[in-house]
Structure formats: C-alpha cells, structure tokens
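Colleague: I am sharing entry_38.json, which consists of JSON, C-alpha atoms and all ligand atoms:
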```
[["chain", "number", "residue", "atom", "x", "y", "z"],
["A", 202, "MET", "CA", 0.00, 0.00, 0.00],
["A", 203, "ALA", "CA", 1.41, 3.41, -0.93],
["A", 204, "ASP", "CA", 2.06, 5.87, 1.87],
["A", 205, "VAL", "CA", -0.04, 8.75, 0.55],
["A", 206, "GLU", "CA", -3.06, 10.55, 1.96],
["A", 207, "THR", "CA", -5.69, 10.86, -0.76],
["A", 208, "ARG", "CA", -7.56, 14.15, -0.80],
["A", 209, "VAL", "CA", -10.93, 14.56, -2.56],
["A", 210, "VAL", "CA", -11.80, 17.93, -4.11],
["A", 211, "ARG", "CA", -14.88, 18.95, -6.05],
["A", 212, "SER", "CA", -14.34, 22.60, -6.97],
["A", 213, "ARG", "CA", -11.91, 24.47, -9.20],
["A", 214, "SER", "CA", -10.71, 26.59, -6.26],
["A", 215, "ALA", "CA", -9.97, 23.53, -4.08],
["A", 216, "LEU", "CA", -8.09, 21.99, -7.02],
["A", 217, "ARG", "CA", -6.03, 25.18, -7.43],
["A", 218, "SER", "CA", -5.27, 25.32, -3.69],
["A", 219, "SER", "CA", -4.04, 21.71, -3.74],
["A", 220, "TYR", "CA", -1.70, 22.39, -6.63],
["A", 221, "ALA", "CA", -0.45, 25.60, -4.99],
["A", 222, "GLU", "CA", 1.05, 23.40, -2.25],
["A", 223, "LEU", "CA", 3.15, 21.37, -4.69],
["A", 224, "ALA", "CA", 6.89, 21.83, -4.96],
["A", 225, "PRO", "CA", 7.74, 23.81, -8.11],
["A", 226, "GLY", "CA", 8.52, 21.44, -10.97],
["A", 227, "ALA", "CA", 6.82, 18.41, -9.31],
["A", 228, "ARG", "CA", 5.70, 16.04, -12.08],
["A", 229, "ARG", "CA", 1.92, 16.06, -12.42],
["A", 230, "VAL", "CA", 0.22, 12.90, -13.63],
["A", 231, "LEU", "CA", -3.47, 12.74, -14.56],
["A", 232, "VAL", "CA", -5.58, 9.60, -14.83],
["A", 233, "PRO", "CA", -8.98, 10.70, -16.18],
["A", 234, "THR", "CA", -11.85, 8.33, -15.38],
["A", 235, "MET", "CA", -15.62, 8.23, -15.24],
["A", 236, "GLY", "CA", -15.43, 6.33, -11.93],
["A", 237, "ALA", "CA", -16.82, 2.84, -11.23],
["A", 238, "LEU", "CA", -13.15, 1.94, -10.95],
["A", 239, "HIS", "CA", -12.06, -1.66, -11.54],
["A", 240, "ALA", "CA", -8.75, -3.48, -11.72],
["A", 241, "GLY", "CA", -8.06, -1.94, -15.14],
["A", 242, "HIS", "CA", -8.25, 1.55, -13.64],
["A", 243, "ALA", "CA", -6.17, 0.37, -10.67],
["A", 244, "ALA", "CA", -3.43, -0.62, -13.13],
["A", 245, "LEU", "CA", -3.58, 2.88, -14.66],
["A", 246, "LEU", "CA", -3.37, 4.51, -11.24],
["A", 247, "ARG", "CA", -0.45, 2.28, -10.23],
["A", 248, "GLU", "CA", 1.41, 3.14, -13.39],
["A", 249, "GLY", "CA", 0.61, 6.80, -12.77],
["A", 250, "ARG", "CA", 2.10, 6.55, -9.28],
["A", 251, "ARG", "CA", 5.20, 4.85, -10.69],
["A", 252, "LEU", "CA", 5.69, 7.51, -13.36],
["A", 253, "ALA", "CA", 5.15, 10.36, -10.88],
["A", 254, "GLY", "CA", 7.73, 8.92, -8.50],
["A", 255, "PRO", "CA", 7.80, 9.81, -4.81],
["A", 256, "ASP", "CA", 8.19, 13.55, -5.50],
["A", 257, "GLY", "CA", 5.52, 13.78, -8.19],
["A", 258, "HIS", "CA", 1.76, 14.14, -7.85],
["A", 259, "VAL", "CA", -1.05, 11.90, -9.15],
["A", 260, "THR", "CA", -4.57, 13.21, -9.77],
["A", 261, "ALA", "CA", -7.43, 10.88, -10.71],
["A", 262, "SER", "CA", -10.49, 12.64, -12.07],
["A", 263, "VAL", "CA", -13.86, 10.98, -11.51],
["A", 264, "PHE", "CA", -16.41, 12.62, -13.76],
["A", 265, "VAL", "CA", -19.21, 11.07, -15.80],
["A", 266, "ASN", "CA", -18.93, 13.48, -18.69],
["A", 267, "PRO", "CA", -22.41, 14.23, -20.07],
["A", 268, "THR", "CA", -21.15, 15.67, -23.36],
["A", 269, "GLN", "CA", -19.78, 12.31, -24.54],
["A", 270, "PHE", "CA", -23.13, 10.51, -24.16],
["A", 271, "GLY", "CA", -25.73, 10.48, -26.93],
["A", 272, "PRO", "CA", -29.41, 11.19, -26.18],
["A", 273, "ASN", "CA", -30.35, 7.48, -25.97],
["A", 274, "GLU", "CA", -27.26, 6.30, -24.11],
["A", 275, "ASP", "CA", -26.69, 5.24, -20.50],
["A", 276, "LEU", "CA", -25.74, 8.61, -18.89],
["A", 277, "ASP", "CA", -28.38, 8.34, -16.16],
["A", 278, "LYS", "CA", -27.75, 4.72, -15.32],
["A", 279, "TYR", "CA", -23.93, 4.89, -15.66],
["A", 280, "PRO", "CA", -22.60, 3.48, -12.33],
["A", 281, "ARG", "CA", -21.54, 6.09, -9.77],
["A", 282, "THR", "CA", -19.50, 4.64, -6.89],
["A", 283, "LEU", "CA", -17.42, 7.54, -5.58],
["A", 284, "GLU", "CA", -16.76, 6.16, -2.08],
["A", 285, "ALA", "CA", -15.37, 2.89, -3.42],
["A", 286, "ASP", "CA", -13.46, 4.81, -6.12],
["A", 287, "VAL", "CA", -11.72, 6.94, -3.49],
["A", 288, "ASP", "CA", -10.72, 3.73, -1.62],
["A", 289, "THR", "CA", -9.23, 2.34, -4.84],
["A", 290, "CYS", "CA", -7.35, 5.60, -5.42],
["A", 291, "ALA", "CA", -6.01, 5.56, -1.85],
["A", 292, "ARG", "CA", -4.82, 1.96, -2.26],
["A", 293, "GLU", "CA", -2.96, 2.90, -5.43],
["A", 294, "GLY", "CA", -1.25, 5.94, -3.93],
["A", 295, "VAL", "CA", -3.24, 8.67, -5.71],
["A", 296, "ASP", "CA", -2.69, 12.09, -4.14],
["A", 297, "LEU", "CA", -5.85, 13.82, -5.30],
["A", 298, "VAL", "CA", -9.27, 12.77, -6.54],
["A", 299, "PHE", "CA", -10.98, 15.51, -8.55],
["A", 300, "ALA", "CA", -14.71, 14.69, -8.54],
["A", 301, "PRO", "CA", -16.50, 17.75, -9.93],
["A", 302, "SER", "CA", -20.17, 18.06, -10.80],
["A", 303, "ALA", "CA", -21.20, 18.89, -14.36],
["A", 304, "ASP", "CA", -21.73, 22.56, -13.51],
["A", 305, "VAL", "CA", -18.17, 22.84, -12.19],
["A", 306, "VAL", "CA", -16.73, 21.42, -15.40],
["A", 307, "TYR", "CA", -19.23, 23.15, -17.72],
["A", 308, "ARG", "CA", -19.71, 26.34, -15.72],
["A", 309, "GLY", "CA", -21.49, 28.09, -18.60],
["A", 310, "GLY", "CA", -23.75, 25.14, -19.42],
["A", 311, "ASP", "CA", -23.17, 23.27, -22.67],
["A", 312, "PRO", "CA", -19.92, 24.60, -24.17],
["A", 313, "LEU", "CA", -20.22, 26.63, -27.35],
["A", 314, "VAL", "CA", -16.60, 26.00, -28.28],
["A", 315, "THR", "CA", -15.52, 22.36, -28.42],
["A", 316, "VAL", "CA", -12.68, 20.25, -29.79],
["A", 317, "ASP", "CA", -13.34, 18.93, -33.29],
["A", 318, "PRO", "CA", -12.03, 15.35, -33.48],
["A", 319, "GLY", "CA", -11.66, 15.55, -37.28],
["A", 320, "PRO", "CA", -12.08, 12.59, -39.64],
["A", 321, "LEU", "CA", -10.79, 9.95, -37.19],
["A", 322, "GLY", "CA", -13.63, 10.92, -34.90],
["A", 323, "THR", "CA", -16.28, 9.91, -37.42],
["A", 324, "LEU", "CA", -15.00, 6.32, -37.82],
["A", 325, "LEU", "CA", -15.89, 3.23, -35.82],
["A", 326, "GLU", "CA", -17.16, 4.42, -32.40],
["A", 327, "GLY", "CA", -17.67, 7.87, -33.91],
["A", 328, "ALA", "CA", -19.98, 6.43, -36.58],
["A", 329, "VAL", "CA", -22.04, 4.51, -34.01],
["A", 330, "ARG", "CA", -21.95, 7.32, -31.42],
["A", 331, "PRO", "CA", -22.02, 10.67, -33.28],
["A", 332, "GLY", "CA", -20.60, 13.48, -31.13],
["A", 333, "HIS", "CA", -18.97, 11.07, -28.69],
["A", 334, "PHE", "CA", -15.36, 12.01, -29.42],
["A", 335, "ARG", "CA", -16.11, 15.73, -29.52],
["A", 336, "GLY", "CA", -17.29, 15.32, -25.91],
["A", 337, "VAL", "CA", -14.29, 13.16, -24.96],
["A", 338, "LEU", "CA", -11.67, 15.47, -26.46],
["A", 339, "THR", "CA", -13.33, 18.57, -25.04],
["A", 340, "VAL", "CA", -13.43, 17.22, -21.49],
["A", 341, "VAL", "CA", -9.91, 15.78, -21.68],
["A", 342, "GLN", "CA", -8.55, 19.11, -22.87],
["A", 343, "LYS", "CA", -10.38, 20.90, -20.03],
["A", 344, "LEU", "CA", -9.02, 18.42, -17.48],
["A", 345, "LEU", "CA", -5.51, 18.90, -18.82],
["A", 346, "HIS", "CA", -5.81, 22.66, -18.42],
["A", 347, "LEU", "CA", -7.39, 22.42, -14.97],
["A", 348, "THR", "CA", -4.77, 20.02, -13.64],
["A", 349, "GLY", "CA", -1.71, 21.26, -15.54],
["A", 350, "ALA", "CA", -0.76, 17.62, -16.12],
["A", 351, "ASP", "CA", 2.62, 16.71, -17.61],
["A", 352, "VAL", "CA", 1.63, 13.07, -18.14],
["A", 353, "LEU", "CA", -1.77, 11.63, -19.09],
["A", 354, "LEU", "CA", -2.55, 7.94, -18.70],
["A", 355, "LEU", "CA", -5.23, 6.15, -20.69],
["A", 356, "GLY", "CA", -6.18, 2.52, -21.19],
["A", 357, "GLU", "CA", -5.62, 0.75, -24.50],
["A", 358, "LYS", "CA", -9.05, -0.85, -24.26],
["A", 359, "ASP", "CA", -10.62, 2.30, -25.71],
["A", 360, "TYR", "CA", -8.09, 2.25, -28.48],
["A", 361, "GLN", "CA", -9.71, 4.81, -30.78],
["A", 362, "GLN", "CA", -9.99, 7.21, -27.84],
["A", 363, "LEU", "CA", -6.28, 6.74, -27.09],
["A", 364, "VAL", "CA", -5.30, 7.38, -30.72],
["A", 365, "LEU", "CA", -7.51, 10.47, -30.95],
["A", 366, "ILE", "CA", -6.20, 11.96, -27.72],
["A", 367, "LYS", "CA", -2.61, 11.37, -28.86],
["A", 368, "ARG", "CA", -3.51, 13.05, -32.14],
["A", 369, "MET", "CA", -5.12, 16.03, -30.36],
["A", 370, "VAL", "CA", -1.99, 16.46, -28.23],
["A", 371, "PHE", "CA", 0.19, 16.33, -31.34],
["A", 372, "ASP", "CA", -1.95, 18.53, -33.58],
["A", 373, "LEU", "CA", -2.67, 21.16, -30.93],
["A", 374, "ASP", "CA", 0.84, 21.13, -29.38],
["A", 375, "LEU", "CA", -0.46, 20.36, -25.91],
["A", 376, "PRO", "CA", 2.44, 20.12, -23.44],
["A", 377, "VAL", "CA", 1.64, 16.65, -22.12],
["A", 378, "GLU", "CA", 2.97, 13.14, -22.65],
["A", 379, "VAL", "CA", 0.25, 10.55, -23.33],
["A", 380, "VAL", "CA", 0.91, 7.03, -22.04],
["A", 381, "GLY", "CA", -1.25, 4.06, -23.08],
["A", 382, "VAL", "CA", -1.59, 1.22, -20.57],
["A", 383, "PRO", "CA", -2.38, -2.35, -21.72],
["A", 384, "THR", "CA", -5.89, -3.71, -21.21],
["A", 385, "VAL", "CA", -6.51, -5.68, -18.02],
["A", 386, "ARG", "CA", -8.58, -8.85, -18.45],
["A", 387, "ASP", "CA", -10.47, -11.21, -16.20],
["A", 388, "ALA", "CA", -8.86, -14.65, -15.88],
["A", 389, "ASP", "CA", -11.11, -15.92, -18.71],
["A", 390, "GLY", "CA", -9.99, -13.14, -21.07],
["A", 391, "LEU", "CA", -12.88, -10.65, -20.91],
["A", 392, "ALA", "CA", -11.53, -7.08, -20.96],
["A", 393, "LEU", "CA", -12.49, -5.23, -17.79],
["A", 394, "SER", "CA", -15.02, -2.45, -18.31],
["A", 395, "SER", "CA", -17.29, -0.49, -15.98],
["A", 396, "ARG", "CA", -20.15, -1.54, -18.26],
["A", 397, "ASN", "CA", -19.52, -5.30, -17.71],
["A", 398, "ARG", "CA", -21.68, -4.98, -14.61],
["A", 399, "TYR", "CA", -24.72, -4.57, -16.90],
["A", 400, "LEU", "CA", -24.23, -8.15, -18.22],
["A", 401, "SER", "CA", -26.41, -11.01, -16.92],
["A", 402, "ALA", "CA", -24.61, -14.32, -16.23],
["A", 403, "GLU", "CA", -25.74, -15.63, -19.61],
["A", 404, "GLU", "CA", -24.60, -12.48, -21.40],
["A", 405, "ARG", "CA", -21.29, -12.56, -19.53],
["A", 406, "ALA", "CA", -20.67, -16.08, -20.92],
["A", 407, "LEU", "CA", -21.56, -14.92, -24.45],
["A", 408, "ALA", "CA", -19.30, -11.86, -24.06],
["A", 409, "LEU", "CA", -16.28, -14.20, -24.00],
["A", 410, "THR", "CA", -16.80, -14.56, -27.74],
["A", 411, "VAL", "CA", -15.14, -11.15, -28.05],
["A", 412, "PRO", "CA", -11.67, -12.05, -26.68],
["A", 413, "HIS", "CA", -11.97, -15.40, -28.47],
["A", 414, "ALA", "CA", -12.60, -13.54, -31.73],
["A", 415, "LEU", "CA", -9.44, -11.51, -31.12],
["A", 416, "ASP", "CA", -7.54, -14.79, -30.68],
["A", 417, "VAL", "CA", -9.00, -16.05, -33.97],
["A", 418, "GLY", "CA", -7.84, -12.88, -35.74],
["A", 419, "SER", "CA", -4.38, -12.96, -34.16],
["A", 420, "GLY", "CA", -3.99, -16.59, -35.25],
["A", 421, "VAL", "CA", -4.89, -15.77, -38.86],
["A", 422, "ALA", "CA", -2.35, -12.90, -38.87],
["A", 423, "ARG", "CA", 0.34, -15.13, -37.30],
["A", 424, "ASN", "CA", -0.18, -17.63, -40.09],
["A", 425, "GLY", "CA", 0.46, -14.98, -42.75],
["A", 426, "GLY", "CA", -3.15, -13.92, -43.39],
["A", 427, "SER", "CA", -3.91, -10.45, -44.76],
["A", 428, "ALA", "CA", -6.07, -7.83, -43.04],
["A", 429, "ARG", "CA", -8.97, -9.01, -45.20],
["A", 430, "ASP", "CA", -8.41, -12.65, -44.12],
["A", 431, "VAL", "CA", -8.37, -11.58, -40.49],
["A", 432, "VAL", "CA", -11.63, -9.65, -40.81],
["A", 433, "SER", "CA", -13.41, -12.51, -42.66],
["A", 434, "ALA", "CA", -12.34, -15.08, -40.08],
["A", 435, "VAL", "CA", -13.32, -12.86, -37.16],
["A", 436, "GLN", "CA", -16.67, -11.92, -38.73],
["A", 437, "ALA", "CA", -17.46, -15.58, -39.46],
["A", 438, "PHE", "CA", -16.58, -16.50, -35.88],
["A", 439, "LEU", "CA", -18.80, -13.75, -34.45],
["A", 440, "ASP", "CA", -21.64, -14.65, -36.84],
["A", 441, "ASP", "CA", -21.54, -18.21, -35.51],
["A", 442, "HIS", "CA", -22.64, -16.98, -32.09],
["A", 443, "ALA", "CA", -26.34, -16.22, -31.92],
["A", 444, "GLY", "CA", -27.22, -13.36, -29.58],
["A", 445, "LEU", "CA", -24.31, -11.11, -30.59],
["A", 446, "VAL", "CA", -24.61, -8.11, -32.87],
["A", 447, "THR", "CA", -21.36, -6.89, -34.41],
["A", 448, "ASP", "CA", -21.13, -3.11, -34.81],
["A", 449, "TYR", "CA", -17.72, -3.42, -36.44],
["A", 450, "ALA", "CA", -14.77, -5.77, -36.85],
["A", 451, "VAL", "CA", -11.92, -4.01, -38.64],
["A", 452, "VAL", "CA", -8.18, -4.08, -39.08],
["A", 453, "THR", "CA", -6.34, -0.74, -39.30],
["A", 454, "ASP", "CA", -2.79, 0.44, -38.97],
["A", 455, "PRO", "CA", -1.84, 1.47, -35.40],
["A", 456, "ALA", "CA", -2.97, 5.07, -36.08],
["A", 457, "LEU", "CA", -6.39, 3.90, -37.42],
["A", 458, "GLY", "CA", -5.43, 4.33, -41.08],
["A", 459, "ALA", "CA", -5.62, 1.70, -43.82],
["A", 460, "PRO", "CA", -3.97, -1.57, -42.75],
["A", 461, "PRO", "CA", -0.50, -2.33, -44.10],
["A", 462, "GLU", "CA", 0.23, -5.46, -46.14],
["A", 463, "GLN", "CA", 2.99, -6.27, -43.71],
["A", 464, "GLY", "CA", 3.79, -5.03, -40.23],
["A", 465, "GLU", "CA", 2.02, -3.64, -37.19],
["A", 466, "ALA", "CA", -1.76, -3.38, -37.28],
["A", 467, "ARG", "CA", -4.72, -3.28, -34.92],
["A", 468, "LEU", "CA", -7.84, -5.42, -34.84],
["A", 469, "LEU", "CA", -10.78, -3.51, -33.34],
["A", 470, "LEU", "CA", -14.13, -4.99, -32.38],
["A", 471, "ALA", "CA", -17.38, -3.55, -31.09],
["A", 472, "VAL", "CA", -20.09, -6.05, -30.29],
["A", 473, "ARG", "CA", -23.47, -5.75, -28.62],
["A", 474, "VAL", "CA", -24.59, -8.38, -26.14],
["A", 475, "GLY", "CA", -28.15, -7.56, -25.08],
["A", 476, "SER", "CA", -28.09, -3.81, -24.45],
["A", 477, "THR", "CA", -24.38, -3.73, -23.52],
["A", 478, "ARG", "CA", -21.72, -2.70, -26.03],
["A", 479, "LEU", "CA", -18.33, -4.34, -25.63],
["A", 480, "LEU", "CA", -15.18, -2.88, -27.16],
["A", 481, "ASP", "CA", -11.93, -4.75, -27.45],
["A", 482, "ASN", "CA", -8.84, -4.72, -29.63],
["A", 483, "ALA", "CA", -5.53, -6.46, -30.18],
["A", 484, "ALA", "CA", -2.20, -5.64, -31.77],
["A", 485, "LEU", "CA", -1.49, -7.75, -34.86],
["A", 486, "HIS", "CA", 1.55, -8.34, -36.95],
["A", 487, "LEU", "CA", 0.47, -8.83, -40.56],
["A", 488, "GLY", "CA", 2.48, -10.80, -43.04],
["A", 489, "GLY", "CA", 3.41, -13.61, -40.66],
["A", 490, "GLY", "CA", 5.55, -13.74, -37.53],
["A", 491, "SER", "CA", 4.77, -12.04, -34.23],
["B", 501, "LIG", "O1", -12.38, 6.60, -20.93],
["B", 501, "LIG", "C1", -13.08, 7.28, -20.17],
["B", 501, "LIG", "O2", -13.40, 6.88, -19.03],
["B", 501, "LIG", "C2", -13.57, 8.65, -20.62],
["B", 501, "LIG", "O3", -13.84, 8.67, -21.97],
["B", 501, "LIG", "C3", -12.60, 9.79, -20.23],
["B", 501, "LIG", "C4", -11.26, 9.67, -20.92],
["B", 501, "LIG", "C5", -12.41, 9.80, -18.72],
["B", 501, "LIG", "C6", -13.21, 11.15, -20.64],
["B", 501, "LIG", "O4", -14.44, 11.36, -20.02]]
```
Once more with this new file: its structure as structure tokens, please.
Ligand code: PAF
Modeller:
Amino acid sequence: MADVETRVVRSRSALRSSYAELAPGARRVLVPTMGALHAGHAALLREGRRLAGPDGHVTASVFVNPTQFGPNEDLDKYPRTLEADVDTCAREGVDLVFAPSADVVYRGGDPLVTVDPGPLGTLLEGAVRPGHFRGVLTVVQKLLHLTGADVLLLGEKDYQQLVLIKRMVFDLDLPVEVVGVPTVRDADGLALSSRNRYLSAEERALALTVPHALDVGSGVARNGGSARDVVSAVQAFLDDHAGLVTDYAVVTDPALGAPPEQGEARLLLAVRVGSTRLLDNAALHLGGGS
C-alpha cells in the first residue's frame, strides 16, 4: 500500500489550492476516469504513481462526462460509486481525486466551443456514437488545463480514444505526454469495463466470444493472413454466435489508417450483447511472424 493521503476535491478553487502546495517542478500525472473503478483503472493509477515517483503528484479525475453521451445512451444509469473509487485511489497511492459536478466542469452550461475530433472521430465508435469524441476530447482538454498535467494515462481498451487523444496532443501542441496502458482482463480473457456490470450471467458467458474472436484474428495474422483474411475469419466466428450483434470488426494500422500489407496493425471490435456494447482490440503483426 502506498504511503499517501488521498484528498478529494470537487471545486476548481480547491483543485487550485491543492496544486499551490506542490513543490515547483513536481511532475503532475493525470488519470482521467468516469469512476466505477475496476482493476483496469487500478493498473492505470499504479502506473501513474510509478511515473510520478515519490516527488511527483497523481490526480485521478472521476467525472461522468455528459457531453460524450448520446441522447439514448446510458448517462443516467452509468454506475456512480465515488466512495469505493476513493478507496481504490487511496490503495494505489493517488494524491488527489478531482470529482466535480457537471456545472463545475461546464460552468457556462453546454460549451459553445468544443474540440473537433476531425475525420478519425467519425470512424468506428464515432460512426455509431455521433458526437462522442467531440465530448471526450473537449473534457480531456479541459481536465488537462485544470490540472496542468505533464503526463496523461489512458487505457488501450478504448483504443480509438487513445489514438484520438494522442492526435489532439500532437496537432494542438499540448504540453503533455500521453501514455497508453495495456488492457486488463479477467482470468477468462474478458476485458475489464465499468459496463460489464450490466451483463447477466448468460450475457457474460456470451461476451467471451469477443476475446476469443481476437484470438482467432491474431492466429490468422500469425499464419500470414492479410487484413482481409483476419476480418473474414473474425466476422465468421462472431456470426456463428447467436445473440451477438457486431457493430464493427476491422483491421487498421496502429494510427487507425488503412492496414499495411505487412507489419504492425490493430484489430478492433465492437459487439453488442443484449443492451451492452463491448469494445476490445488487439495488436497484430500482418504478413506472418509475431
Ligand atoms: O475513458 C473514459 O473513461 C472517458 O472517456 C474519459 C477519458 C475519462 C473522458 O471522459
């Protein structure tokens, strides 16, 4: 257990006062979350603590950001578990939990000026959830400004989000280093997600098709299959499982562009099981080898 006292602040002024106490030049690490923290978040927080070092400072934000939810999405029923989240943060050595309300973050109501995610924001998740990435990038940029973070940690499970945030930082010259942290899985392979708690036992069993489909795709790539071969095998595998609806199964290059004939690529899946959407992805090496 890390020897750190975790403070919880909800307002901009309390956040500013906390940072005013920091030694000049102390490394500031931000782990942005929407709460309902699980072992995947704990891994992000742990890595954040490691990167901050004993003299640095780790902030975890816990904010269910309304602007990234569509009108028919789960904003109202999204799990809110702040007390347990603060315990998790304390266990992982987080210095500060920033848990603002929507009117603290969006003090003038819905923002008139937002971050345009550009063409990458209209693909995949962006096609299924119009406006989602505009909300994500806008809140992440606000959190970066509010916290003055030098390092930002994000999970690889939301791979498109990670790529888009890296791209925003690059294109807008934001002074922050973005670090992606590998997906944490249950022992049976299911990627951890705050939304897994919506799954019934039957749906949870069916959800395992998703990591299995990634294994199918990785196997095809290892055996020299092309991006197209990977997608056909994965789609056929998913189609074999009644009760799943595939939103997309695609192979891209690591930056979400067209897949290469040979070399590093990414397999991205979004599948619906009942009313729950599951996202997962895997790194591939096309053209044989690993
Ligand atoms: O990945 C999430 O939990 C959210 O999209 C994020 C990055 C905290 C922004 O609200």
Colleague: Could you list, as a PyMOL selection string, every residue within 12 Å of Pro312 of chain A, counting all atoms listed in the file and ignoring same-chain residues fewer than 2 positions away?
Modeller: chain A and resi 267-268+303-304+306-310+314-316+335-336+339-340+343
Colleague: Any residue with an atom at most 6 Å from ligand LIG 501 (chain B) counts, using all atoms listed in the file. Which are they? Put them as JSON, numbers by chain.
Modeller: {"A": [233, 234, 235, 266, 337, 341]}
Colleague: Please compute the atom CA of Thr260 of chain A-atom CA of Leu283 of chain A distance, one decimal, in Å.
Modeller: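 Distance reported for this atom pair: 14.7 Å.
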Colleague: So which one's closest to Ala484 of chain A, A:Glu293, A:Asp374, A:Asp311, A:Asp454? Using all atoms listed in the file, please.
Modeller: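 Nearest candidate to Ala484 of chain A out of A:Glu293, A:Asp374, A:Asp311, A:Asp454: A:Asp454.
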Colleague: Compare A:Ala392, A:Leu487, A:Leu354, A:Ala456 by their minimum atom-to-atom distance to Gly418 of chain A, counting all atoms listed in the file, and give me the closest one.
Modeller: A:Leu487
Colleague: Which protein, DNA or RNA residues are at most 8 Å from (3.1, 7.7, -9.2) in the file's coordinates when you count only C-alpha atoms, listed as number ranges by chain?
Modeller: A: 230, 246-255, 257-259, 294-295
Colleague: Expressed in Å to a single decimal, how great is the separation between atom CA of Val329 of chain A and atom CA of Val232 of chain A?
Modeller: 25.8 Å
Colleague: From (-15.6, 18.5, -6.2), in the file's coordinates, out to 12 Å: which residues are reached, counting all atoms listed in the file? Answer as an MDAnalysis selection string.
Modeller: chainID A and resid 208:217 262:264 283 297:306
Colleague: Can you pull out every residue within 12 Å of Asn424 of chain A, counting only C-alpha atoms, but drop anything in the same chain fewer than 2 positions away, and send it as a JSON list (two decimals) with C-alpha atoms, in the frame of the given file?
Modeller:
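Output below, filename result34.json:
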```json
[["chain", "number", "residue", "atom", "x", "y", "z"],
["A", 417, "VAL", "CA", -9.00, -16.05, -33.97],
["A", 418, "GLY", "CA", -7.84, -12.88, -35.74],
["A", 419, "SER", "CA", -4.38, -12.96, -34.16],
["A", 420, "GLY", "CA", -3.99, -16.59, -35.25],
["A", 421, "VAL", "CA", -4.89, -15.77, -38.86],
["A", 422, "ALA", "CA", -2.35, -12.90, -38.87],
["A", 426, "GLY", "CA", -3.15, -13.92, -43.39],
["A", 427, "SER", "CA", -3.91, -10.45, -44.76],
["A", 428, "ALA", "CA", -6.07, -7.83, -43.04],
["A", 430, "ASP", "CA", -8.41, -12.65, -44.12],
["A", 431, "VAL", "CA", -8.37, -11.58, -40.49],
["A", 485, "LEU", "CA", -1.49, -7.75, -34.86],
["A", 486, "HIS", "CA", 1.55, -8.34, -36.95],
["A", 487, "LEU", "CA", 0.47, -8.83, -40.56],
["A", 488, "GLY", "CA", 2.48, -10.80, -43.04],
["A", 489, "GLY", "CA", 3.41, -13.61, -40.66],
["A", 490, "GLY", "CA", 5.55, -13.74, -37.53],
["A", 491, "SER", "CA", 4.77, -12.04, -34.23]]
```
Colleague: Just how far from atom CA of Asp416 of chain A is atom CA of Arg368 of chain A, in Å to one decimal?
Modeller: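 We find that atom CA of Arg368 of chain A and atom CA of Asp416 of chain A lie 28.2 Å from each other.
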Colleague: Go through A:Ser394, A:Ala483, A:Leu439, A:Thr289 and flag the residue nearest Pro455 of chain A, using only C-alpha atoms for the distances.
Modeller: A:Ala483
Colleague: Please identify all polymer residues within 8 Å of Glu357 of chain A, counting only C-alpha atoms, omitting same-chain residues fewer than 4 positions from it, and present them as a ChimeraX atom specification.
Modeller: /A:363,381-384
Colleague: Just the residues within 10 Å of Leu407 of chain A, please, counting all atoms listed in the file, with nothing from its chain fewer than 3 positions along; format it as a list in words.
Modeller: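 Using all atoms listed in the file, the neighbours found are Leu400, Ser401, Ala402, Glu403, Glu404, Thr410, Val411, His442, Ala443, Gly444, Leu445, Val474 and Gly475 of chain A.
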Colleague: Which residue is closest to Arg386 of chain A? Choose from A:Lys367, A:Arg423, A:Lys358, A:Arg228 and count all atoms listed in the file.
Modeller: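 Of A:Lys367, A:Arg423, A:Lys358, A:Arg228, the one nearest Arg386 of chain A is A:Lys358, counting all atoms listed in the file.
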